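Trainee: Dropping in start06.cif, with mmCIF, C-alpha atoms (C1' of nucleotides).
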data_model
#
loop_
_atom_site.label_atom_id
_atom_site.label_comp_id
_atom_site.auth_asym_id
_atom_site.auth_seq_id
_atom_site.Cartn_x
_atom_site.Cartn_y
_atom_site.Cartn_z
CA MET I 1 76.30 111.06 66.64
CA GLN I 2 72.83 109.85 65.78
CA ALA I 3 74.26 106.57 64.53
CA ILE I 4 76.17 106.06 67.76
CA GLN I 5 73.16 106.92 69.89
CA ALA I 6 70.94 104.58 67.88
CA ALA I 7 73.42 101.75 68.22
CA ALA I 8 73.75 102.38 71.93
CA ILE I 9 70.01 102.36 72.55
CA GLU I 10 69.64 99.21 70.50
CA LEU I 11 72.23 97.33 72.52
CA VAL I 12 71.17 98.55 75.93
CA GLU I 13 67.52 97.75 75.35
CA ALA I 14 68.56 94.22 74.50
CA ARG I 15 71.11 93.51 77.19
CA GLY I 16 71.06 96.23 79.84
CA TYR I 17 73.25 99.23 80.49
CA ASP I 18 76.06 97.62 82.44
CA ALA I 19 76.35 94.68 80.11
CA VAL I 20 77.08 96.91 77.13
CA SER I 21 80.54 98.38 76.78
CA VAL I 22 81.47 101.47 74.85
CA GLU I 23 83.59 99.24 72.67
CA GLU I 24 80.54 97.27 71.57
CA ILE I 25 78.56 100.42 70.89
CA ALA I 26 81.43 101.67 68.77
CA MET I 27 81.59 98.40 66.85
CA LEU I 28 77.89 98.40 66.03
CA ALA I 29 78.07 102.04 64.96
CA GLU I 30 81.18 101.22 62.92
CA VAL I 31 83.48 103.71 64.58
CA SER I 32 86.41 103.35 66.92
CA PRO I 33 85.84 103.52 70.68
CA ARG I 34 88.05 106.58 70.70
CA SER I 35 85.70 108.37 68.35
CA VAL I 36 82.75 107.82 70.63
CA TYR I 37 84.56 109.90 73.21
CA ARG I 38 85.27 112.55 70.64
CA HIS I 39 81.58 113.26 70.24
CA PHE I 40 80.26 112.48 73.70
CA GLU I 41 81.75 113.36 77.03
CA THR I 42 80.79 110.13 78.73
CA LYS I 43 79.01 106.86 78.08
CA GLU I 44 75.94 108.38 79.69
CA GLY I 45 76.15 111.37 77.42
CA VAL I 46 75.52 109.12 74.45
CA PHE I 47 72.00 108.50 75.68
CA LEU I 48 71.22 111.96 77.02
CA TRP I 49 72.28 113.84 73.95
CA ASP I 50 69.44 115.77 72.30
CA GLU I 51 69.83 118.39 69.64
CA GLY I 52 67.21 120.80 70.90
CA ASP I 53 67.98 121.56 74.51
CA LEU I 54 69.84 124.81 74.36
CA PRO I 55 67.38 127.39 73.01
CA LEU I 56 64.95 126.99 75.90
CA LEU I 57 66.71 129.50 78.12
CA GLU I 58 66.58 132.15 75.44
CA GLU I 59 62.89 131.60 74.92
CA VAL I 60 62.27 131.99 78.62
CA ALA I 61 64.33 135.17 78.74
CA THR I 62 62.41 136.90 75.96
CA ARG I 63 59.07 136.11 77.52
CA LEU I 64 60.11 137.29 80.96
CA ALA I 65 59.78 140.87 79.79
CA ILE I 66 56.08 140.37 79.24
CA VAL I 67 54.67 137.68 81.53
CA PRO I 68 55.37 136.41 85.07
CA PRO I 69 58.15 133.84 85.57
CA LEU I 70 56.14 130.63 85.86
CA GLU I 71 54.16 131.69 82.81
CA ALA I 72 57.32 132.45 80.85
CA VAL I 73 58.73 129.00 81.49
CA ARG I 74 55.46 127.30 80.64
CA LEU I 75 55.08 129.12 77.34
CA ALA I 76 58.68 128.55 76.31
CA VAL I 77 58.33 124.85 76.97
CA HIS I 78 55.22 124.68 74.84
CA GLN I 79 56.91 126.49 72.01
CA LEU I 80 59.96 124.23 71.91
CA PHE I 81 58.82 120.81 73.04
CA ASP I 82 55.16 120.21 72.25
CA GLY I 83 56.05 119.49 68.64
CA ARG I 84 58.88 117.07 69.39
CA PHE I 85 56.79 115.04 71.77
CA ASP I 86 54.07 114.71 69.15
CA THR I 87 56.01 114.02 65.97
CA ASP I 88 58.69 111.70 67.35
CA ARG I 89 56.57 110.06 69.99
CA PRO I 90 58.01 106.52 69.70
CA GLY I 91 61.61 107.70 69.72
CA MET I 92 61.12 110.04 72.66
CA LEU I 93 59.22 107.41 74.60
CA ARG I 94 61.96 104.90 74.03
CA ARG I 95 64.71 107.21 75.12
CA ILE I 96 62.90 108.62 78.15
CA ARG I 97 61.97 105.16 79.34
CA LEU I 98 65.51 103.95 78.90
CA ILE I 99 66.93 106.88 80.81
CA TYR I 100 64.56 106.52 83.74
CA SER I 101 65.03 102.77 83.96
CA VAL I 102 68.80 102.97 84.31
CA PRO I 103 69.95 104.59 87.56
CA GLU I 104 73.20 105.82 86.06
CA LEU I 105 71.35 107.57 83.27
CA GLU I 106 68.73 109.01 85.56
CA ALA I 107 71.47 110.50 87.69
CA ALA I 108 73.22 111.99 84.70
CA ALA I 109 69.94 113.43 83.48
CA GLN I 110 69.33 114.93 86.87
CA ARG I 111 72.72 116.55 86.73
CA GLN I 112 71.89 118.13 83.40
CA ILE I 113 68.57 119.32 84.76
CA ASP I 114 70.33 120.84 87.71
CA GLU I 115 72.60 122.88 85.52
CA PHE I 116 69.52 124.11 83.76
CA ARG I 117 67.96 125.05 87.08
CA HIS I 118 70.92 127.22 87.96
CA ALA I 119 70.79 128.93 84.60
CA LEU I 120 67.08 129.50 84.96
CA ALA I 121 67.55 131.04 88.40
CA ALA I 122 70.12 133.42 86.94
CA ILE I 123 67.74 134.52 84.22
CA LEU I 124 64.85 134.98 86.63
CA ALA I 125 67.09 137.04 88.87
CA SER I 126 68.26 139.41 86.18
CA ALA I 127 64.76 139.81 84.82
CA THR I 128 63.29 140.71 88.19
CA GLY I 129 66.21 142.75 89.42
CA ARG I 130 66.75 140.44 92.34
CA ASN I 131 69.92 138.78 93.50
CA ALA I 132 70.67 135.37 91.98
CA ASP I 133 70.92 133.74 95.39
CA ASP I 134 67.61 135.19 96.53
CA LEU I 135 65.71 132.38 98.16
CA ARG I 136 62.50 133.20 96.35
CA ILE I 137 64.19 133.02 92.97
CA GLN I 138 65.76 129.68 93.78
CA VAL I 139 62.54 128.17 95.04
CA VAL I 140 60.59 129.30 92.00
CA ALA I 141 63.22 127.89 89.65
CA ALA I 142 63.39 124.61 91.54
CA ALA I 143 59.63 124.23 91.60
CA ALA I 144 59.29 125.00 87.90
CA ILE I 145 61.97 122.51 86.98
CA GLY I 146 60.36 119.97 89.25
CA ALA I 147 56.99 120.35 87.57
CA LEU I 148 58.64 119.96 84.18
CA THR I 149 60.49 116.77 84.99
CA VAL I 150 57.37 115.37 86.56
CA ALA I 151 55.46 116.17 83.37
CA ILE I 152 58.06 114.39 81.26
CA GLN I 153 58.01 111.30 83.42
CA ALA I 154 54.24 111.31 83.62
CA TRP I 155 54.03 111.56 79.85
CA ALA I 156 56.24 108.52 79.43
CA ALA I 157 54.42 106.61 82.15
CA ARG I 158 51.17 107.11 80.23
CA ASN I 159 52.71 105.95 76.94
CA GLY I 160 52.51 109.42 75.52
CA GLU I 161 48.74 109.15 75.32
CA ARG I 162 48.01 112.29 77.28
CA PRO I 163 49.45 115.24 75.37
CA PHE I 164 52.63 116.58 76.90
CA ALA I 165 51.27 120.11 76.69
CA GLU I 166 48.34 119.16 78.88
CA LEU I 167 50.56 117.62 81.56
CA VAL I 168 52.76 120.68 81.63
CA ASP I 169 49.79 122.99 82.07
CA GLU I 170 48.34 120.87 84.82
CA GLY I 171 51.64 120.80 86.66
CA PHE I 172 52.06 124.56 86.56
CA GLN I 173 48.48 125.01 87.65
CA ILE I 174 49.18 122.94 90.73
CA LEU I 175 52.22 125.09 91.50
CA ALA I 176 50.28 128.30 91.10
CA GLY I 177 47.54 126.96 93.36
CA GLY I 178 49.83 126.67 96.35
CA LEU I 179 50.20 122.90 96.23
CA GLN I 180 47.31 121.89 98.43
CA LEU I 181 46.27 118.27 98.20
CA MET R 8 83.86 104.93 108.13
CA GLN R 9 84.27 108.28 109.84
CA ALA R 10 88.03 107.96 109.59
CA ILE R 11 87.82 107.25 105.87
CA GLN R 12 85.42 110.13 105.29
CA ALA R 13 87.61 112.49 107.29
CA ALA R 14 90.70 111.45 105.35
CA ALA R 15 88.86 111.84 102.07
CA ILE R 16 87.58 115.33 102.87
CA GLU R 17 91.02 116.34 104.03
CA LEU R 18 92.68 115.29 100.80
CA VAL R 19 90.04 116.61 98.45
CA GLU R 20 89.94 120.01 100.10
CA ALA R 21 93.67 120.24 99.58
CA ARG R 22 94.04 118.92 96.05
CA GLY R 23 90.63 118.57 94.40
CA TYR R 24 88.36 115.62 93.79
CA ASP R 25 89.86 114.24 90.62
CA ALA R 26 93.41 114.56 91.84
CA VAL R 27 92.72 112.29 94.80
CA SER R 28 92.53 108.55 94.22
CA VAL R 29 90.78 106.05 96.42
CA GLU R 30 94.16 104.49 97.03
CA GLU R 31 95.45 107.70 98.59
CA ILE R 32 92.36 108.06 100.75
CA ALA R 33 92.86 104.51 101.92
CA MET R 34 96.49 105.16 102.73
CA LEU R 35 95.77 108.24 104.82
CA ALA R 36 93.00 106.40 106.64
CA GLU R 37 95.38 103.46 107.13
CA VAL R 38 93.21 100.85 105.45
CA SER R 39 93.48 98.97 102.20
CA PRO R 40 91.75 100.34 99.10
CA ARG R 41 89.62 97.23 99.06
CA SER R 42 88.30 98.04 102.50
CA VAL R 43 87.09 101.44 101.39
CA TYR R 44 84.79 99.65 99.00
CA ARG R 45 83.60 97.36 101.73
CA HIS R 46 82.10 100.29 103.59
CA PHE R 47 81.11 102.60 100.76
CA GLU R 48 79.50 101.77 97.46
CA THR R 49 81.45 104.28 95.44
CA LYS R 50 84.09 106.95 95.82
CA GLU R 51 81.29 109.51 95.86
CA GLY R 52 79.54 107.59 98.60
CA VAL R 53 82.45 108.29 100.92
CA PHE R 54 81.55 111.98 100.91
CA LEU R 55 77.78 111.67 100.85
CA TRP R 56 77.51 109.26 103.72
CA ASP R 57 75.60 110.64 106.69
CA GLU R 58 74.29 108.65 109.59
CA GLY R 59 70.96 110.37 110.01
CA ASP R 60 69.16 110.34 106.66
CA LEU R 61 66.79 107.43 106.92
CA PRO R 62 64.25 108.32 109.64
CA LEU R 63 62.89 111.35 107.78
CA LEU R 64 60.35 109.38 105.78
CA GLU R 65 58.89 107.83 108.89
CA GLU R 66 58.55 111.21 110.53
CA VAL R 67 56.71 112.52 107.49
CA ALA R 68 54.41 109.51 107.44
CA THR R 69 53.30 109.88 111.04
CA ARG R 70 52.52 113.56 110.64
CA LEU R 71 50.55 113.03 107.46
CA ALA R 72 47.67 111.67 109.50
CA ILE R 73 47.26 115.04 111.17
CA VAL R 74 48.47 117.88 108.95
CA PRO R 75 48.55 118.61 105.20
CA PRO R 76 51.47 117.23 103.14
CA LEU R 77 53.65 120.30 102.81
CA GLU R 78 53.22 120.92 106.52
CA ALA R 79 54.12 117.33 107.35
CA VAL R 80 57.37 117.54 105.42
CA ARG R 81 58.26 120.88 106.92
CA LEU R 82 57.70 119.72 110.49
CA ALA R 83 59.58 116.46 110.00
CA VAL R 84 62.55 118.34 108.62
CA HIS R 85 62.58 120.65 111.60
CA GLN R 86 62.45 117.74 114.00
CA LEU R 87 65.35 115.87 112.47
CA PHE R 88 67.69 118.45 111.01
CA ASP R 89 67.49 121.74 112.87
CA GLY R 90 69.65 120.29 115.62
CA ARG R 91 72.35 118.90 113.35
CA PHE R 92 72.72 122.12 111.45
CA ASP R 93 73.17 124.03 114.69
CA THR R 94 75.45 121.77 116.70
CA ASP R 95 77.81 120.60 113.96
CA ARG R 96 77.76 123.77 111.91
CA PRO R 97 81.41 123.76 110.81
CA GLY R 98 81.36 120.11 109.80
CA MET R 99 78.09 120.38 107.90
CA LEU R 100 79.24 123.55 106.18
CA ARG R 101 82.45 121.91 105.09
CA ARG R 102 80.78 118.84 103.69
CA ILE R 103 77.92 120.67 101.95
CA ARG R 104 80.33 123.12 100.35
CA LEU R 105 82.56 120.32 99.20
CA ILE R 106 79.66 118.39 97.68
CA TYR R 107 78.28 121.36 95.81
CA SER R 108 81.66 122.43 94.52
CA VAL R 109 82.41 119.09 92.90
CA PRO R 110 80.12 118.26 89.97
CA GLU R 111 80.45 114.52 90.47
CA LEU R 112 79.40 114.81 94.08
CA GLU R 113 76.57 117.17 93.32
CA ALA R 114 75.24 114.68 90.80
CA ALA R 115 75.49 111.82 93.23
CA ALA R 116 73.73 113.89 95.87
CA GLN R 117 71.01 114.73 93.41
CA ARG R 118 70.55 111.05 92.72
CA GLN R 119 70.11 110.37 96.41
CA ILE R 120 67.63 113.21 96.66
CA ASP R 121 65.70 111.81 93.74
CA GLU R 122 65.30 108.46 95.41
CA PHE R 123 63.94 110.30 98.38
CA ARG R 124 61.52 112.16 96.17
CA HIS R 125 60.09 108.91 94.85
CA ALA R 126 59.70 107.55 98.36
CA LEU R 127 58.02 110.75 99.47
CA ALA R 128 55.56 110.59 96.58
CA ALA R 129 54.68 107.03 97.56
CA ILE R 130 53.99 108.08 101.13
CA LEU R 131 51.92 111.08 100.10
CA ALA R 132 49.92 108.85 97.79
CA SER R 133 49.09 106.24 100.38
CA ALA R 134 48.23 108.88 102.94
CA THR R 135 45.81 110.69 100.64
CA GLY R 136 44.38 107.60 99.00
CA ARG R 137 45.57 108.71 95.61
CA ASN R 138 47.54 106.77 93.05
CA ALA R 139 51.32 107.06 93.32
CA ASP R 140 51.62 108.27 89.74
CA ASP R 141 49.01 110.98 90.26
CA LEU R 142 50.40 114.14 88.77
CA ARG R 143 49.40 116.25 91.75
CA ILE R 144 51.24 113.96 94.14
CA GLN R 145 54.37 114.05 92.04
CA VAL R 146 54.37 117.81 91.67
CA VAL R 147 53.91 118.36 95.38
CA ALA R 148 56.73 115.96 96.21
CA ALA R 149 59.04 117.52 93.63
CA ALA R 150 58.31 121.05 94.82
CA ALA R 151 58.83 120.14 98.48
CA ILE R 152 62.14 118.45 97.74
CA GLY R 153 63.14 121.41 95.63
CA ALA R 154 62.46 123.86 98.43
CA LEU R 155 64.48 121.71 100.81
CA THR R 156 67.56 121.45 98.64
CA VAL R 157 67.38 125.16 97.98
CA ALA R 158 67.26 125.76 101.72
CA ILE R 159 70.32 123.59 102.28
CA GLN R 160 72.31 125.34 99.60
CA ALA R 161 71.16 128.74 100.74
CA TRP R 162 72.21 127.91 104.28
CA ALA R 163 75.69 126.98 103.13
CA ALA R 164 75.92 130.00 100.85
CA ARG R 165 75.23 132.23 103.86
CA ASN R 166 77.87 130.47 105.98
CA GLY R 167 75.19 129.00 108.18
CA GLU R 168 74.48 132.39 109.63
CA ARG R 169 70.79 132.37 108.90
CA PRO R 170 69.21 129.49 110.83
CA PHE R 171 68.39 126.52 108.66
CA ALA R 172 64.93 126.35 110.19
CA GLU R 173 64.17 129.86 109.02
CA LEU R 174 65.22 129.14 105.45
CA VAL R 175 63.08 126.03 105.35
CA ASP R 176 60.04 127.92 106.58
CA GLU R 177 60.55 130.69 104.10
CA GLY R 178 60.88 128.23 101.24
CA PHE R 179 57.68 126.41 102.11
CA GLN R 180 55.88 129.70 102.52
CA ILE R 181 56.84 130.63 98.98
CA LEU R 182 55.52 127.30 97.74
CA ALA R 183 52.24 127.72 99.56
CA GLY R 184 51.86 131.21 98.20
CA GLY R 185 51.70 130.04 94.61
CA LEU R 186 55.21 131.10 93.65
CA GLN R 187 54.54 134.60 92.46
CA LEU R 188 57.53 136.85 92.13
"C1'" DC Z 4 96.18 77.70 127.81
"C1'" DC Z 5 94.72 76.06 123.39
"C1'" DG Z 6 92.01 75.10 119.35
"C1'" DT Z 7 87.94 76.69 116.81
"C1'" DC Z 8 85.04 79.92 114.73
"C1'" DC Z 9 83.69 84.16 112.91
"C1'" DA Z 10 84.27 88.62 111.07
"C1'" DT Z 11 87.14 91.97 109.16
"C1'" DT Z 12 90.83 92.96 106.32
"C1'" DG Z 13 94.64 92.76 102.81
"C1'" DA Z 14 96.58 91.24 98.47
"C1'" DC Z 15 96.01 90.25 93.71
"C1'" DA Z 16 94.13 90.02 89.25
"C1'" DG Z 17 90.84 91.50 86.00
"C1'" DT Z 18 87.24 94.57 83.56
"C1'" DG Z 19 85.96 98.70 81.61
"C1'" DA Z 20 85.47 103.91 81.49
"C1'" DC Z 21 88.15 107.59 80.12
"C1'" DT Z 22 92.47 110.41 78.46
"C1'" DG Z 23 96.75 111.89 76.02
"C1'" DC Z 24 99.48 111.23 72.19
"C1'" DC Z 25 100.76 110.25 67.64
"C1'" DA Z 26 99.96 108.53 62.97
"C1'" DT Z 27 96.84 108.46 59.17
"C1'" DA Z 28 93.02 109.57 56.12
"C1'" DT Z 29 89.93 112.73 53.90
"C1'" DC Z 30 88.73 116.88 51.60
"C1'" DG Z 31 88.06 121.78 49.93
"C1'" DG Z 32 90.84 125.61 48.32
"C1'" DG Z 33 95.16 127.52 46.40
"C1'" DC X 3 98.88 118.74 42.49
"C1'" DC X 4 99.74 120.14 47.00
"C1'" DC X 5 98.58 121.77 51.50
"C1'" DG X 6 96.47 122.78 55.68
"C1'" DA X 7 92.49 121.71 58.48
"C1'" DT X 8 89.65 118.50 60.46
"C1'" DA X 9 88.10 113.88 61.61
"C1'" DT X 10 89.50 109.32 62.76
"C1'" DG X 11 91.98 105.07 64.40
"C1'" DG X 12 95.38 102.84 67.34
"C1'" DC X 13 97.89 102.48 71.53
"C1'" DA X 14 99.29 102.86 76.09
"C1'" DG X 15 98.26 104.34 80.55
"C1'" DT X 16 95.38 105.72 84.81
"C1'" DC X 17 91.88 104.77 87.88
"C1'" DA X 18 87.27 103.27 89.65
"C1'" DC X 19 85.35 99.14 90.89
"C1'" DT X 20 84.67 93.79 91.57
"C1'" DG X 21 85.48 88.80 92.65
"C1'" DT X 22 88.27 85.72 95.00
"C1'" DC X 23 91.18 83.84 98.36
"C1'" DA X 24 94.33 83.95 102.13
"C1'" DA X 25 95.71 86.01 106.52
"C1'" DT X 26 94.70 88.28 110.83
"C1'" DG X 27 92.72 88.88 115.28
"C1'" DG X 28 89.50 88.69 118.84
"C1'" DA X 29 85.54 85.89 121.27
"C1'" DC X 30 84.51 81.73 123.24
"C1'" DG X 31 84.07 76.91 124.77
"C1'" DG X 32 86.93 73.27 126.22
#
So that I can check it, write out the structure of this file as structure tokens.

Mentor:
Amino acid sequence: MQAIQAAAIELVEARGYDAVSVEEIAMLAEVSPRSVYRHFETKEGVFLWDEGDLPLLEEVATRLAIVPPLEAVRLAVHQLFDGRFDTDRPGMLRRIRLIYSVPELEAAAQRQIDEFRHALAAILASATGRNADDLRIQVVAAAAIGALTVAIQAWAARNGERPFAELVDEGFQILAGGLQL
Amino acid sequence: MQAIQAAAIELVEARGYDAVSVEEIAMLAEVSPRSVYRHFETKEGVFLWDEGDLPLLEEVATRLAIVPPLEAVRLAVHQLFDGRFDTDRPGMLRRIRLIYSVPELEAAAQRQIDEFRHALAAILASATGRNADDLRIQVVAAAAIGALTVAIQAWAARNGERPFAELVDEGFQILAGGLQL
DNA sequence: CCGTCCATTGACAGTGACTGCCATATCGGG
DNA sequence: CCCGATATGGCAGTCACTGTCAATGGACGG
């Protein structure tokens, strides 16, 4: 999977997303086109794939017993992502930039994020004893996710020079402050 | 365009999104498949199309001179959408439910919303004299958009029984309050 | 009433994403 | 050595989407 993703990024950076077919990606990665679809659901999935996305929800859930919701999300993010953004800075930068420069990929990413938002709302609801469709729960989840994606994009826009952790903290601080300008 | 959209909704409600081809939609609407693509960019676009989406940004911009950002967005939304949600309740309900029950459509909607978020951030930036990539600007825009989409989905989830205007106000109140639970 | 122009549409062919199906290879355990 | 499980390749088919060209039909000046 890594080989396929690497080949795909290579080609798309050189020639653009639409101008690269799955067949070409498969050729460069030395697999059959059919095999690409065995490992990834879609062409977009090849670029979005990331090994460490799943455990975040669990981290949030554990912390919810102790700290308020926004705080739980913030801490979980620090725990799981600060390291990755520091150690693999060039790779992450490359991939994030690619995703947000290709509309198709940005949309697919947004879809993934949206699934995560729903899951987060469910966790917040069960932790606070509220209903999952409670407006307050939904708004909190949406705002938290929003701050996170903004932090990611801001990190990439600044070439990864400002620490990701700092951007996350600043974003959540703005949320907690009631969003005055 | 209305005829095509009506035909499309009809078919998809009966048989599901994937089971309906553009060719069938075209047939029911009594046009050629090619003509569908003359009016809509994609199959998804057929369902997302809505005549009154564009003026919102202008409304926000004018109000920004007078009231704070969150307030400007809230008021502009009231001005432009309260009416539509009241007068065409069954139609809006049908379309919103359809969109959010089909992953492909939800993703496409999200993409549209994201474009709007970027535009909103740009407006907020120019109105406050800040840079468009200012983290605070981005977070405010993301949170506002989040509250709006939550309001829309909450409205549909409650069968349109709670007034849309009320849900919007409640959402923005939660944002302004710092998002405690 | 007729020819001309313009815009909208239909028909057709082609590309590429994605899927189902079947044959083949590879490999650890009996 | 064999056997079952799992991964892979090849192939054919569907469907979204695009470029191109020809036909249609209505508006308008003559």

Trainee: As a list in words, please: the residues near Glu23 of chain I (cut-off 10 Å, all atoms listed in the file, same-chain neighbours under 3 positions excluded).

Mentor: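 Counting only the stated atoms, we get Val20, Ala26, Met27, Leu28, Ala29, Val31, Ser32, Pro33, Arg34 and Val36 of chain I; DG19 of chain Z.
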
Trainee: For atom CA of Ala183 of chain R and atom CA of Glu65 of chain R, quote the distance in Å rounded to one decimal.

Mentor: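 A separation of 23.0 Å between them.
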
Trainee: Give me, as CSV, the closest atom pair and its distance (Å, one decimal) for every residue of chain Z within a cut-off of 12 Å of chain R, counting all atoms listed in the file, rows sorted by chain and rising number.

Mentor:
residue,atom,partner,partner_atom,distance
Z:DT11,C1',R:Ser42,CA,9.1
Z:DT12,C1',R:Ser42,CA,6.8
Z:DG13,C1',R:Ser39,CA,6.3
Z:DA14,C1',R:Ser39,CA,9.1
Z:DC15,C1',R:Arg41,CA,10.9

Trainee: Would you list the contacts of DT8 of chain X as a VMD selection string, taking every protein, DNA or RNA residue within 12 Å and counting all atoms listed in the file, but skipping same-chain residues closer than 3 positions in sequence?

Mentor: chain Z and resid 28 to 31

Trainee: Might you spell out which residues the PyMOL selection byres ((chain X) within 10 of (chain R)) would select in the displayed file, as a PyMOL selection string?

Mentor: chain X and resi 17-20

Trainee: Taking the file above as input, evaluate the PyMOL selection byres ((chain R and resi 57) around 12) and report the hits as a tab-separated table (two decimals) with C-alpha atoms, in the frame of the given file.

Mentor:
chain	number	residue	atom	x	y	z
R	8	MET	CA	83.86	104.93	108.13
R	9	GLN	CA	84.27	108.28	109.84
R	12	GLN	CA	85.42	110.13	105.29
R	47	PHE	CA	81.11	102.60	100.76
R	52	GLY	CA	79.54	107.59	98.60
R	53	VAL	CA	82.45	108.29	100.92
R	54	PHE	CA	81.55	111.98	100.91
R	55	LEU	CA	77.78	111.67	100.85
R	56	TRP	CA	77.51	109.26	103.72
R	58	GLU	CA	74.29	108.65	109.59
R	59	GLY	CA	70.96	110.37	110.01
R	60	ASP	CA	69.16	110.34	106.66
R	61	LEU	CA	66.79	107.43	106.92
R	62	PRO	CA	64.25	108.32	109.64
R	88	PHE	CA	67.69	118.45	111.01
R	91	ARG	CA	72.35	118.90	113.35
R	98	GLY	CA	81.36	120.11	109.80
R	99	MET	CA	78.09	120.38	107.90
R	102	ARG	CA	80.78	118.84	103.69
R	103	ILE	CA	77.92	120.67	101.95
R	116	ALA	CA	73.73	113.89	95.87
R	119	GLN	CA	70.11	110.37	96.41

Trainee: Please indicate the distance in Å from atom CA of Glu31 of chain R to atom C1' of DC23 of chain X, rounded to one decimal place.

Mentor: 24.2 Å

Trainee: Within 9 Å of chain R, which residues of chain I come that close, and what is the closest atom pair and distance in Å for each? Count all atoms listed in the file and give it as JSON lines.

Mentor:
{"residue": "I:Pro68", "atom": "CA", "partner": "R:Leu188", "partner_atom": "CA", "distance": 7.4}
{"residue": "I:Pro69", "atom": "CA", "partner": "R:Leu188", "partner_atom": "CA", "distance": 7.2}
{"residue": "I:Leu70", "atom": "CA", "partner": "R:Leu186", "partner_atom": "CA", "distance": 7.9}
{"residue": "I:Pro103", "atom": "CA", "partner": "R:Arg118", "partner_atom": "CA", "distance": 8.3}
{"residue": "I:Glu104", "atom": "CA", "partner": "R:Arg118", "partner_atom": "CA", "distance": 8.9}
{"residue": "I:Glu106", "atom": "CA", "partner": "R:Arg118", "partner_atom": "CA", "distance": 7.7}
{"residue": "I:Ala107", "atom": "CA", "partner": "R:Arg118", "partner_atom": "CA", "distance": 5.1}
{"residue": "I:Ala108", "atom": "CA", "partner": "R:Ala114", "partner_atom": "CA", "distance": 7.0}
{"residue": "I:Gln110", "atom": "CA", "partner": "R:Gln117", "partner_atom": "CA", "distance": 6.8}
{"residue": "I:Arg111", "atom": "CA", "partner": "R:Ala114", "partner_atom": "CA", "distance": 5.1}
{"residue": "I:Gln112", "atom": "CA", "partner": "R:Ala114", "partner_atom": "CA", "distance": 8.8}
{"residue": "I:Asp114", "atom": "CA", "partner": "R:Gln117", "partner_atom": "CA", "distance": 8.4}
{"residue": "I:Thr128", "atom": "CA", "partner": "R:Leu188", "partner_atom": "CA", "distance": 8.0}
{"residue": "I:Asp133", "atom": "CA", "partner": "R:Ala161", "partner_atom": "CA", "distance": 7.3}
{"residue": "I:Asp134", "atom": "CA", "partner": "R:Ala161", "partner_atom": "CA", "distance": 8.5}
{"residue": "I:Leu135", "atom": "CA", "partner": "R:Ala161", "partner_atom": "CA", "distance": 7.0}
{"residue": "I:Arg136", "atom": "CA", "partner": "R:Ile181", "partner_atom": "CA", "distance": 6.7}
{"residue": "I:Ile137", "atom": "CA", "partner": "R:Leu188", "partner_atom": "CA", "distance": 7.7}
{"residue": "I:Gln138", "atom": "CA", "partner": "R:Val157", "partner_atom": "CA", "distance": 6.4}
{"residue": "I:Val139", "atom": "CA", "partner": "R:Ala154", "partner_atom": "CA", "distance": 5.5}
{"residue": "I:Val140", "atom": "CA", "partner": "R:Leu186", "partner_atom": "CA", "distance": 5.9}
{"residue": "I:Ala141", "atom": "CA", "partner": "R:Gly153", "partner_atom": "CA", "distance": 8.8}
{"residue": "I:Ala142", "atom": "CA", "partner": "R:Gly153", "partner_atom": "CA", "distance": 5.2}
{"residue": "I:Ala143", "atom": "CA", "partner": "R:Ala150", "partner_atom": "CA", "distance": 4.7}
{"residue": "I:Ala144", "atom": "CA", "partner": "R:Ala150", "partner_atom": "CA", "distance": 8.0}
{"residue": "I:Ile145", "atom": "CA", "partner": "R:Ala150", "partner_atom": "CA", "distance": 8.8}
{"residue": "I:Gly146", "atom": "CA", "partner": "R:Ala149", "partner_atom": "CA", "distance": 5.2}
{"residue": "I:Ala147", "atom": "CA", "partner": "R:Val146", "partner_atom": "CA", "distance": 5.5}
{"residue": "I:Leu148", "atom": "CA", "partner": "R:Val146", "partner_atom": "CA", "distance": 8.9}
{"residue": "I:Thr149", "atom": "CA", "partner": "R:Ala149", "partner_atom": "CA", "distance": 8.8}
{"residue": "I:Val150", "atom": "CA", "partner": "R:Gln145", "partner_atom": "CA", "distance": 6.4}
{"residue": "I:Ala151", "atom": "CA", "partner": "R:Leu142", "partner_atom": "CA", "distance": 7.7}
{"residue": "I:Ala154", "atom": "CA", "partner": "R:Leu142", "partner_atom": "CA", "distance": 7.0}
{"residue": "I:Ala157", "atom": "CA", "partner": "R:Asp140", "partner_atom": "CA", "distance": 8.3}
{"residue": "I:Leu167", "atom": "CA", "partner": "R:Leu142", "partner_atom": "CA", "distance": 8.0}
{"residue": "I:Glu170", "atom": "CA", "partner": "R:Leu142", "partner_atom": "CA", "distance": 8.1}
{"residue": "I:Gly171", "atom": "CA", "partner": "R:Val146", "partner_atom": "CA", "distance": 6.4}
{"residue": "I:Phe172", "atom": "CA", "partner": "R:Val146", "partner_atom": "CA", "distance": 8.8}
{"residue": "I:Ile174", "atom": "CA", "partner": "R:Arg143", "partner_atom": "CA", "distance": 6.8}
{"residue": "I:Leu175", "atom": "CA", "partner": "R:Gly185", "partner_atom": "CA", "distance": 5.9}
{"residue": "I:Ala176", "atom": "CA", "partner": "R:Gly185", "partner_atom": "CA", "distance": 4.2}
{"residue": "I:Gly177", "atom": "CA", "partner": "R:Gly185", "partner_atom": "CA", "distance": 5.3}
{"residue": "I:Gly178", "atom": "CA", "partner": "R:Ala183", "partner_atom": "CA", "distance": 4.1}
{"residue": "I:Leu179", "atom": "CA", "partner": "R:Val147", "partner_atom": "CA", "distance": 5.9}
{"residue": "I:Gln180", "atom": "CA", "partner": "R:Pro75", "partner_atom": "CA", "distance": 7.6}
{"residue": "I:Leu181", "atom": "CA", "partner": "R:Pro76", "partner_atom": "CA", "distance": 7.2}
